[in-house]
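Beneath this line is the structure, given in structure tokens, with notes to follow.
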Amino acid sequence: MARYLLKRLAALVGIIWIISVFCFLLIHLLPGDPSRSILGFSWTPASGRLWDKQHGFTGPLVSQYWYWLRHVAVGNLGMSSSGQTVGSIIGSGFKIDLELVLYSQILSFLFAIPLAVYAARRPGGKMDATATTTTFAFYCLPAFILVVWLVQLLCVSNHIFPGPSTSAFPTGGSFVGNVLTNLHVMFLPSFILAIGTTAVYYRLLRGEMAQTLQEEFITVARSKGLSNNRILWRHALRPSSITLLTSTGNNVALLLTGLFIVELKFDLPGVGWELVQGVPAKDYLLVQGIALVTAVVVVIVNFAIDIITTFVDPRIARA
Amino acid sequence: MRDELAAAYGGRSSVDVALPTNGVGEPDLLSDLAPAPEELAPRRAKFGVFFWICIGWLGILAFFAIFANLLPFQDPNNFDFTIGRDASISWHHLLGTDQDGRDVLSRLVYGARTSLIIGIFGTAIAMGVGGTLGMLSAYVRGRFDGALSFFMYCGLAFPGIIAVIAILDFWGRTEWHIILVLGLASVPLIFRLVRAATLATATKEYITAAKSQGATSFRVLFHDVFPNVAPALLAYTIFTLGGIIAVEGAIAFLGLSVTGPSWGNMISDAGGDVSVRMAFILAPAIALFLTLISLNYVGERIRVRYDPGEVKL
């Protein structure tokens with residue numbers, strides 16, 4: 001077990017290093033001059049050279065990378081062209097992303113797990129057919145179509161949830177409010193994100209459950225006279241949930257597209273919102289910082305989920 | 001005969017053999033071991049009616065996308081001064097006009113062209129790079145495979161959408177740039193899927209047999225491995241096509257795709273004013289939904305038909 005964890009940790013460090021190279025090259029492959037966009041009107045060839053020198057944009061690429069990495073390692077991602085540090089922008093935006101991801105994933109599990117458990121009870125039955133068809137249809141509805149229709153239906157026609165560009169969504173500011181208001185306001189954006197992943201989780205868990213229910217220990221449980229519900233929830237769900245856990249990690253990366261759309265349409269100043277604002281403003285360091293932080297977070301989440309799965313099912317470490 | 005076969009394979013009685021499936025709708029391993037002689041070839045799942053409806057929709061879409069400029073559609077960028085903006089449905093404008101007085105039907109058809117061009121060429125890049133590398137990696141194995149898999153794992157962790165948004169904005173949002181960026185962004189996922197599918201085939205006995213007979217690597221790869229991976233490749237190609245079309249729609253919705261007619265642009269242009277521009281938003285939304293459902297369903301049926309071991313959707 002310890003050896004397996006150490007091996008995984010070494011791989012994690014390697015992956016983060018390669019990602020840092022990707023992010024570094026992202027700026028150097030993009031056309032344009034960072035100093036020009038950050039200095040704005042005060043840019044002159046001389047001040048540009050000075051800026052380059054101060055920010056380590058001179059010399060061979062390898063030494064530039066080394067300079068950048070040394071600063072990033074201590075948390076200095078540079079200055080955004082808005083005058084704030086990239087770190088503080090990401091820090092304030094990240095809270096919103098975190099809430100959206102957690103909220104949507106909790107909703108997603110609340111929908112997907114009961115559906116999958118009861119659908120797997122009689123594969124091919126009415127419940128299974130209905131759930132499978134419905135989740136498949138929702139899977140094919142991209143978030144940006146859902147945003148338009150659900151906002152119209154639930155915010156504009158019926159005022160069930162506060163809509164975009166109302167006082168509930170303060171553009172650019174931090175997100176405040178007490179817990180209940182917060183959960184109410186954030187429900188619709190999270191729900192839209194949850195719909196896409198629900199289909200994926202349902203599909204995985206249903207398949208795994210259907211297979212687990214064929215196992216001999218289920219037959220034993222049946223012959224002991226245990227109730228159907230007890231077998232489904234206590235005996236079959238846990239061994240079936242490993243794949244689900246693994247896929248949650250992969251889904252965090254895939255959630256980002258939906259996250260950006262939801263943040264932009266609801267004016268939630270998360271990291272995605274900052275990115276879509278920063279890109280047209282040619283805010284190189286902000287884009288680089290967001291790419292780096294997001295990628296590292298995705299990798300670390302996957303790593304954490306790997307470790308959790310190893311504890312849930314220790315056989316994985318031995319394989 | 002059935003009983004003898006059954007006895008030979010696992011000593012199970014005809015009572016067990018009489019159960020054709022395991023209740024999941026998939027062939028039971030035990031009854032598979034004792035097939036009736038005439039059933040020795042595995043029975044394949046039927047495609048079903050809905051599959052052909054989906055193919056039909058994709059065919060119609062492809063037809064209009066290819067022949068858009070030969071058919072009597074209006075110029076999708078032309079402002080109709082006689083009718084004006086936000087016109088309702090009429091003979092002249094079968095789906096009305098949008099907020100800039102342009103014909104919605106014609107924008108829909110030209111939008112299909114944009115979606116399909118970006119989808120098909122993007123998928124070609126993704127499959128060409130990711131599929132080829134994935135097959136090679138799984139066949140060659142060893143250090144090459146290890147290094148490439150590690151690199152692709154990093155690519156998978158790297159948030160593709162950020163690279164897409166950043167690169168497209170700094171690089172210019174022409175159709176070819178979008179194709180290249182979306183295609184390359186899908187490479188790591190395709191690589192992983194194709195590698196896994198090839199690995200499952202490349203470790204089978206008949207590959208070892210072919211190798212031990214002295215077949216060249218080229219022959220084994222193209223004569224023995226490829227035909228067995230081809231159905232899975234086809235399914236992944238179709239899924240990727242759907243995925244790239246959906247992402248193109250999303251970045252168009254964020255205002256980062258081509259400036260011409262595109263389904264995502266149409267939805268975002270309406271500015272969320274659903275009540276006024278009902279048909280205008282509904283049309284591209286339905287078209288995109290039908291296209292994605294068709295592609296995902298067709299891909300899924302193909303995958304299930306040639307790979308019945310996996311779970312059905």
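All residue names refer to the structure tokens as shown: chains lettered A, B, ... in order, residues numbered from 1 in each chain, ligands numbered from 1 in order.
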
Q) Neighbours of region 270-282 of chain A within 8 Å (only C-alpha atoms; same-chain residues fewer than 4 positions away dropped), as a list in words? A)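 That gives Pro34, Ser37, Ile89, Ile90, Ser92, Gly93, Phe94, Lys95, Ile96, Asp97, Leu256, Leu259, Phe260, Glu263, Leu264, Leu286, Val287 and Ile290 of chain A; Ile162, Ile165, Ala166, Asp169 and Phe170 of chain B.
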
Could you list the residues in chain A lying within 6 Å of chain B, using only C-alpha atoms, and format the result as a short mmCIF file (atom, residue, chain, number, x, y, z; two decimals) with N, CA and C atoms, in the first residue's frame?
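Once everything was written out, this is part.cif:
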```
data_model
loop_
_atom_site.label_atom_id
_atom_site.label_comp_id
_atom_site.auth_asym_id
_atom_site.auth_seq_id
_atom_site.Cartn_x
_atom_site.Cartn_y
_atom_site.Cartn_z
N ILE A 15 3.42 14.87 -13.29
CA ILE A 15 2.32 15.43 -14.07
C ILE A 15 2.23 16.93 -13.86
N PRO A 123 -33.47 -4.90 -14.79
CA PRO A 123 -32.92 -4.39 -16.06
C PRO A 123 -33.88 -4.70 -17.20
N CYS A 140 -27.87 14.72 -23.98
CA CYS A 140 -27.70 15.32 -25.30
C CYS A 140 -28.10 16.80 -25.33
N LEU A 141 -28.52 17.35 -24.20
CA LEU A 141 -28.87 18.77 -24.15
C LEU A 141 -27.69 19.55 -23.59
N VAL A 148 -30.59 28.88 -21.38
CA VAL A 148 -31.56 29.78 -22.01
C VAL A 148 -32.98 29.41 -21.60
N GLY A 207 -24.99 0.18 -14.77
CA GLY A 207 -24.27 -0.95 -15.34
C GLY A 207 -23.58 -1.78 -14.27
N ALA A 253 -12.87 17.85 -14.73
CA ALA A 253 -12.27 18.54 -15.88
C ALA A 253 -13.34 18.81 -16.94
N ALA A 295 -5.62 23.34 -13.87
CA ALA A 295 -5.05 22.04 -14.22
C ALA A 295 -4.51 21.35 -12.97
N VAL A 299 -5.76 17.78 -11.33
CA VAL A 299 -4.84 16.66 -11.08
C VAL A 299 -4.89 16.24 -9.62
#
```

Q | Contact residues around Leu107 (chain A) with only C-alpha atoms at 12 Å, ignoring same-chain residues under 4 positions, as a PyMOL selection string | A | chain A and resi 100-103+111-114+183+186-198+201

Only N, CA and C atoms, please: the residues just picked out, written as a compact mmCIF listing (two decimals), in the first residue's frame.
```txt
# COMPACT_ATOMS: atom_id res chain seq x y z
N LEU A 100 -20.09 25.87 -6.81
CA LEU A 100 -20.86 25.34 -7.94
C LEU A 100 -20.56 23.86 -8.18
N VAL A 101 -19.28 23.50 -8.14
CA VAL A 101 -18.91 22.11 -8.40
C VAL A 101 -19.47 21.20 -7.31
N LEU A 102 -19.27 21.57 -6.04
CA LEU A 102 -19.75 20.72 -4.95
C LEU A 102 -21.27 20.59 -4.98
N TYR A 103 -21.94 21.75 -5.09
CA TYR A 103 -23.41 21.77 -5.10
C TYR A 103 -23.93 20.91 -6.24
N PHE A 111 -29.75 12.66 -7.66
CA PHE A 111 -30.60 12.19 -8.75
C PHE A 111 -30.15 10.81 -9.23
N ALA A 112 -28.84 10.68 -9.45
CA ALA A 112 -28.35 9.51 -10.18
C ALA A 112 -28.40 8.22 -9.36
N ILE A 113 -28.05 8.31 -8.06
CA ILE A 113 -27.92 7.06 -7.30
C ILE A 113 -29.26 6.33 -7.13
N PRO A 114 -30.32 7.01 -6.61
CA PRO A 114 -31.59 6.27 -6.50
C PRO A 114 -32.10 5.77 -7.84
N LEU A 183 -28.08 29.00 -1.01
CA LEU A 183 -28.46 27.74 -1.65
C LEU A 183 -29.58 27.96 -2.67
N MET A 186 -28.04 29.82 -5.74
CA MET A 186 -27.11 28.99 -6.50
C MET A 186 -27.74 27.72 -7.04
N PHE A 187 -29.03 27.48 -6.72
CA PHE A 187 -29.62 26.21 -7.13
C PHE A 187 -29.66 26.06 -8.65
N LEU A 188 -30.17 27.07 -9.33
CA LEU A 188 -30.35 26.93 -10.78
C LEU A 188 -29.03 26.72 -11.53
N PRO A 189 -28.00 27.55 -11.27
CA PRO A 189 -26.72 27.28 -11.95
C PRO A 189 -26.20 25.88 -11.65
N SER A 190 -26.31 25.45 -10.40
CA SER A 190 -25.81 24.12 -10.04
C SER A 190 -26.63 23.02 -10.69
N PHE A 191 -27.94 23.24 -10.73
CA PHE A 191 -28.84 22.25 -11.33
C PHE A 191 -28.50 22.04 -12.80
N ILE A 192 -28.23 23.15 -13.51
CA ILE A 192 -27.89 23.05 -14.93
C ILE A 192 -26.60 22.24 -15.11
N LEU A 193 -25.63 22.48 -14.22
CA LEU A 193 -24.39 21.70 -14.28
C LEU A 193 -24.65 20.23 -13.94
N ALA A 194 -25.57 20.01 -12.99
CA ALA A 194 -25.80 18.65 -12.50
C ALA A 194 -26.43 17.76 -13.58
N ILE A 195 -27.24 18.36 -14.45
CA ILE A 195 -27.98 17.55 -15.43
C ILE A 195 -27.04 16.73 -16.31
N GLY A 196 -25.98 17.37 -16.78
CA GLY A 196 -25.04 16.66 -17.65
C GLY A 196 -24.37 15.48 -16.96
N THR A 197 -23.91 15.70 -15.71
CA THR A 197 -23.17 14.63 -15.04
C THR A 197 -24.11 13.55 -14.51
N THR A 198 -25.37 13.91 -14.22
CA THR A 198 -26.32 12.90 -13.75
C THR A 198 -26.40 11.73 -14.72
N TYR A 201 -23.27 9.55 -14.43
CA TYR A 201 -23.23 8.76 -13.20
C TYR A 201 -24.30 7.67 -13.22
```

(Q) Neighbouring residues of region 42-59 of chain A were defined as those with any atom within 10 Å, considering only C-alpha atoms; residues of the same chain fewer than 3 positions away were excluded. Please report them as a PyMOL selection string. (A) chain A and resi 28+33-39+62-68+71+78-79

Q: Considering only C-alpha atoms, return as a count of residues only whatever protein or nucleic-acid residues lie within 8 Å of Asn77 (chain B), sequence-local ones (same chain, fewer than 3 positions apart) excluded.
A: 4
